[in-house]
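Novice: work31.cif (mmCIF, C-alpha atoms) pasted underneath:
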data_coords
loop_
_atom_site.label_atom_id
_atom_site.label_comp_id
_atom_site.auth_asym_id
_atom_site.auth_seq_id
_atom_site.Cartn_x
_atom_site.Cartn_y
_atom_site.Cartn_z
CA MET Y 283 219.97 73.26 93.27
CA LEU Y 284 217.57 75.05 90.91
CA ALA Y 285 217.98 78.29 92.86
CA ARG Y 286 221.75 78.00 92.53
CA VAL Y 287 221.44 77.62 88.76
CA LEU Y 288 219.04 80.59 88.52
CA TYR Y 289 221.31 82.74 90.69
CA ASN Y 290 224.13 82.22 88.15
CA VAL Y 291 222.17 83.82 85.29
CA PRO Y 292 223.95 87.17 84.83
CA VAL Y 293 221.33 89.90 85.41
CA PHE Y 294 218.19 87.99 86.36
CA GLY Y 295 220.02 85.85 88.94
CA TRP Y 296 221.34 88.87 90.79
CA MET Y 297 217.88 90.44 90.93
CA LEU Y 298 216.29 87.14 92.04
CA LYS Y 299 218.86 86.58 94.78
CA GLU Y 300 218.33 90.11 96.08
CA ALA Y 301 214.55 89.61 96.00
CA VAL Y 302 214.78 86.38 98.00
CA THR Y 303 217.30 87.56 100.60
CA GLY Y 304 216.71 91.32 100.56
CA SER Y 305 214.35 93.72 102.24
CA PRO Y 306 210.63 94.02 101.44
CA THR Y 307 211.40 97.03 99.26
CA THR Y 308 213.68 94.88 97.13
CA LYS Y 309 210.89 92.33 96.67
CA VAL Y 310 208.49 95.04 95.49
CA ILE Y 311 211.06 96.47 93.09
CA PHE Y 312 211.67 92.96 91.68
CA ILE Y 313 207.95 92.48 91.01
CA VAL Y 314 207.73 95.92 89.40
CA ASN Y 315 210.73 95.05 87.20
CA LEU Y 316 209.06 91.81 86.08
CA LEU Y 317 205.89 93.68 85.18
CA LEU Y 318 207.85 96.30 83.26
CA ILE Y 319 209.75 93.59 81.37
CA TRP Y 320 206.42 92.01 80.46
CA LEU Y 321 205.05 95.35 79.27
CA LEU Y 322 208.19 95.90 77.20
CA ALA Y 323 207.68 92.46 75.64
CA ILE Y 324 204.09 93.43 74.82
CA VAL Y 325 205.29 96.61 73.13
CA TRP Y 326 208.07 94.76 71.31
CA PHE Y 327 206.26 91.55 70.25
CA GLY Y 328 202.61 92.59 70.48
CA TYR Y 329 199.76 90.17 70.97
CA PRO Y 330 201.86 86.97 71.42
CA ALA Y 331 203.46 88.46 74.53
CA ILE Y 332 199.99 88.73 76.05
CA ILE Y 333 198.52 85.41 74.95
CA LEU Y 334 201.47 83.05 75.51
CA PRO Y 335 201.73 83.62 79.30
CA ALA Y 336 197.95 83.14 79.52
CA LEU Y 337 198.17 79.88 77.59
CA ALA Y 338 201.06 78.75 79.78
CA THR Y 339 199.00 79.24 82.95
CA VAL Y 340 196.05 77.17 81.69
CA PRO Y 341 197.55 73.77 82.70
CA VAL Y 342 198.58 75.14 86.08
CA VAL Y 343 195.10 76.44 86.85
CA PHE Y 344 193.56 73.22 85.54
CA VAL Y 345 195.68 71.14 87.93
CA LEU Y 346 194.86 73.49 90.80
CA LEU Y 347 191.14 73.13 90.08
CA ILE Y 348 191.47 69.35 90.09
CA LEU Y 349 193.37 69.46 93.40
CA ILE Y 350 190.73 71.75 94.93
CA THR Y 351 187.85 69.48 93.91
CA MET Y 352 189.62 66.34 95.14
CA GLY Y 353 190.28 67.76 98.60
#
Could you express the structure from this file as structure tokens?

Specialist:
Amino acid sequence: MLARVLYNVPVFGWMLKEAVTGSPTTKVIFIVNLLLIWLLAIVWFGYPAIILPALATVPVVFVLLILITMG
């Protein structure tokens, strides 16, 4: 259901669908495009484009550390 919603986003959905169902080259190109979009955001917005993704990953890593220590 979530994939169906994401696939309907005009440009990103098309790239995501191709990355999921396409060849390995398509997957690599998708990852390169995501990195280039992030670099463009860094150029455009500056420091917040670097720090906000890092702050967003903190809870994820924290939960993963808890799961690792419990198992």

Novice: Applying 9 Å and all atoms listed in the file, which residues near Leu321 (chain Y) remain after dropping the ones on its own chain fewer than 5 positions away? List them as number ranges by chain.

Specialist: Y: 316, 326, 331-332

Novice: Might you pull out every residue within 9 Å of Tyr289 (chain Y), with only C-alpha atoms counted and same-chain residues fewer than 6 positions away left off, and present them as a PyMOL selection string?

Specialist: chain Y and resi 295-299

Novice: Could you state the separation of CA of Tyr329 (chain Y) and CA of Leu347 (chain Y) in Å, given to one decimal place?

Specialist: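 CA of Leu347 (chain Y) lies 27.0 Å from CA of Tyr329 (chain Y).
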
Novice: With only C-alpha atoms as the basis for distance, which of Y:Ala338, Y:Ile333, Y:Ile319, Y:Val343 is at the shortest distance from Phe294 (chain Y)?

Specialist: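 Using only C-alpha atoms, Phe294 (chain Y) sits closest to Y:Ile319.
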
Novice: Mind rebuilding region 327-338 of chain Y with all heavy atoms and writing that out as a PDB file, in the coordinates of the input?

Specialist:
ATOM      1  N   PHE Y 327     206.764  92.699  71.009  1.00  0.00           N
ATOM      2  CA  PHE Y 327     206.260  91.550  70.250  1.00  0.00           C
ATOM      3  C   PHE Y 327     204.761  91.629  69.972  1.00  0.00           C
ATOM      4  O   PHE Y 327     204.255  90.891  69.145  1.00  0.00           O
ATOM      5  CB  PHE Y 327     206.565  90.251  70.979  1.00  0.00           C
ATOM      6  CG  PHE Y 327     208.026  89.989  71.145  1.00  0.00           C
ATOM      7  CD1 PHE Y 327     208.607  90.032  72.399  1.00  0.00           C
ATOM      8  CD2 PHE Y 327     208.830  89.709  70.059  1.00  0.00           C
ATOM      9  CE1 PHE Y 327     209.951  89.792  72.560  1.00  0.00           C
ATOM     10  CE2 PHE Y 327     210.174  89.476  70.205  1.00  0.00           C
ATOM     11  CZ  PHE Y 327     210.751  89.521  71.463  1.00  0.00           C
ATOM     12  N   GLY Y 328     204.044  92.441  70.716  1.00  0.00           N
ATOM     13  CA  GLY Y 328     202.610  92.590  70.480  1.00  0.00           C
ATOM     14  C   GLY Y 328     201.774  91.519  71.148  1.00  0.00           C
ATOM     15  O   GLY Y 328     202.045  91.085  72.265  1.00  0.00           O
ATOM     16  N   TYR Y 329     200.763  91.085  70.430  1.00  0.00           N
ATOM     17  CA  TYR Y 329     199.760  90.170  70.970  1.00  0.00           C
ATOM     18  C   TYR Y 329     200.327  88.845  71.502  1.00  0.00           C
ATOM     19  O   TYR Y 329     199.858  88.364  72.534  1.00  0.00           O
ATOM     20  CB  TYR Y 329     198.713  89.898  69.876  1.00  0.00           C
ATOM     21  CG  TYR Y 329     197.505  89.151  70.370  1.00  0.00           C
ATOM     22  CD1 TYR Y 329     196.639  89.734  71.277  1.00  0.00           C
ATOM     23  CD2 TYR Y 329     197.248  87.870  69.919  1.00  0.00           C
ATOM     24  CE1 TYR Y 329     195.536  89.051  71.725  1.00  0.00           C
ATOM     25  CE2 TYR Y 329     196.152  87.182  70.360  1.00  0.00           C
ATOM     26  CZ  TYR Y 329     195.285  87.777  71.260  1.00  0.00           C
ATOM     27  OH  TYR Y 329     194.206  87.086  71.706  1.00  0.00           O
ATOM     28  N   PRO Y 330     201.330  88.226  70.868  1.00  0.00           N
ATOM     29  CA  PRO Y 330     201.860  86.970  71.420  1.00  0.00           C
ATOM     30  C   PRO Y 330     202.413  87.105  72.835  1.00  0.00           C
ATOM     31  O   PRO Y 330     202.351  86.148  73.618  1.00  0.00           O
ATOM     32  CB  PRO Y 330     202.968  86.577  70.438  1.00  0.00           C
ATOM     33  CG  PRO Y 330     202.567  87.200  69.170  1.00  0.00           C
ATOM     34  CD  PRO Y 330     201.902  88.496  69.544  1.00  0.00           C
ATOM     35  N   ALA Y 331     202.927  88.266  73.179  1.00  0.00           N
ATOM     36  CA  ALA Y 331     203.460  88.460  74.530  1.00  0.00           C
ATOM     37  C   ALA Y 331     202.340  88.501  75.565  1.00  0.00           C
ATOM     38  O   ALA Y 331     202.584  88.295  76.751  1.00  0.00           O
ATOM     39  CB  ALA Y 331     204.280  89.740  74.604  1.00  0.00           C
ATOM     40  N   ILE Y 332     201.122  88.754  75.133  1.00  0.00           N
ATOM     41  CA  ILE Y 332     199.990  88.730  76.050  1.00  0.00           C
ATOM     42  C   ILE Y 332     199.403  87.327  76.131  1.00  0.00           C
ATOM     43  O   ILE Y 332     199.106  86.823  77.216  1.00  0.00           O
ATOM     44  CB  ILE Y 332     198.897  89.723  75.592  1.00  0.00           C
ATOM     45  CG1 ILE Y 332     199.428  91.139  75.620  1.00  0.00           C
ATOM     46  CG2 ILE Y 332     197.660  89.612  76.469  1.00  0.00           C
ATOM     47  CD1 ILE Y 332     198.510  92.151  74.981  1.00  0.00           C
ATOM     48  N   ILE Y 333     199.251  86.672  74.998  1.00  0.00           N
ATOM     49  CA  ILE Y 333     198.520  85.410  74.950  1.00  0.00           C
ATOM     50  C   ILE Y 333     199.363  84.216  75.403  1.00  0.00           C
ATOM     51  O   ILE Y 333     198.831  83.288  76.009  1.00  0.00           O
ATOM     52  CB  ILE Y 333     197.915  85.177  73.537  1.00  0.00           C
ATOM     53  CG1 ILE Y 333     196.772  84.179  73.593  1.00  0.00           C
ATOM     54  CG2 ILE Y 333     198.949  84.725  72.563  1.00  0.00           C
ATOM     55  CD1 ILE Y 333     195.554  84.665  74.251  1.00  0.00           C
ATOM     56  N   LEU Y 334     200.654  84.210  75.138  1.00  0.00           N
ATOM     57  CA  LEU Y 334     201.470  83.050  75.510  1.00  0.00           C
ATOM     58  C   LEU Y 334     201.572  82.837  77.022  1.00  0.00           C
ATOM     59  O   LEU Y 334     201.465  81.696  77.479  1.00  0.00           O
ATOM     60  CB  LEU Y 334     202.854  83.143  74.865  1.00  0.00           C
ATOM     61  CG  LEU Y 334     202.867  82.890  73.361  1.00  0.00           C
ATOM     62  CD1 LEU Y 334     204.260  83.078  72.796  1.00  0.00           C
ATOM     63  CD2 LEU Y 334     202.324  81.519  73.024  1.00  0.00           C
ATOM     64  N   PRO Y 335     201.762  83.868  77.850  1.00  0.00           N
ATOM     65  CA  PRO Y 335     201.730  83.620  79.300  1.00  0.00           C
ATOM     66  C   PRO Y 335     200.361  83.121  79.770  1.00  0.00           C
ATOM     67  O   PRO Y 335     200.273  82.275  80.663  1.00  0.00           O
ATOM     68  CB  PRO Y 335     202.053  84.977  79.918  1.00  0.00           C
ATOM     69  CG  PRO Y 335     202.804  85.689  78.867  1.00  0.00           C
ATOM     70  CD  PRO Y 335     202.221  85.233  77.565  1.00  0.00           C
ATOM     71  N   ALA Y 336     199.286  83.611  79.154  1.00  0.00           N
ATOM     72  CA  ALA Y 336     197.950  83.140  79.520  1.00  0.00           C
ATOM     73  C   ALA Y 336     197.790  81.668  79.157  1.00  0.00           C
ATOM     74  O   ALA Y 336     197.247  80.877  79.939  1.00  0.00           O
ATOM     75  CB  ALA Y 336     196.890  83.979  78.831  1.00  0.00           C
ATOM     76  N   LEU Y 337     198.253  81.289  77.990  1.00  0.00           N
ATOM     77  CA  LEU Y 337     198.170  79.880  77.590  1.00  0.00           C
ATOM     78  C   LEU Y 337     199.064  78.994  78.456  1.00  0.00           C
ATOM     79  O   LEU Y 337     198.741  77.835  78.696  1.00  0.00           O
ATOM     80  CB  LEU Y 337     198.555  79.732  76.116  1.00  0.00           C
ATOM     81  CG  LEU Y 337     197.547  80.274  75.116  1.00  0.00           C
ATOM     82  CD1 LEU Y 337     198.121  80.190  73.709  1.00  0.00           C
ATOM     83  CD2 LEU Y 337     196.235  79.520  75.208  1.00  0.00           C
ATOM     84  N   ALA Y 338     200.165  79.528  78.923  1.00  0.00           N
ATOM     85  CA  ALA Y 338     201.060  78.750  79.780  1.00  0.00           C
ATOM     86  C   ALA Y 338     200.452  78.518  81.167  1.00  0.00           C
ATOM     87  O   ALA Y 338     200.757  77.508  81.822  1.00  0.00           O
ATOM     88  CB  ALA Y 338     202.403  79.445  79.911  1.00  0.00           C
TER      89      ALA Y 338
END
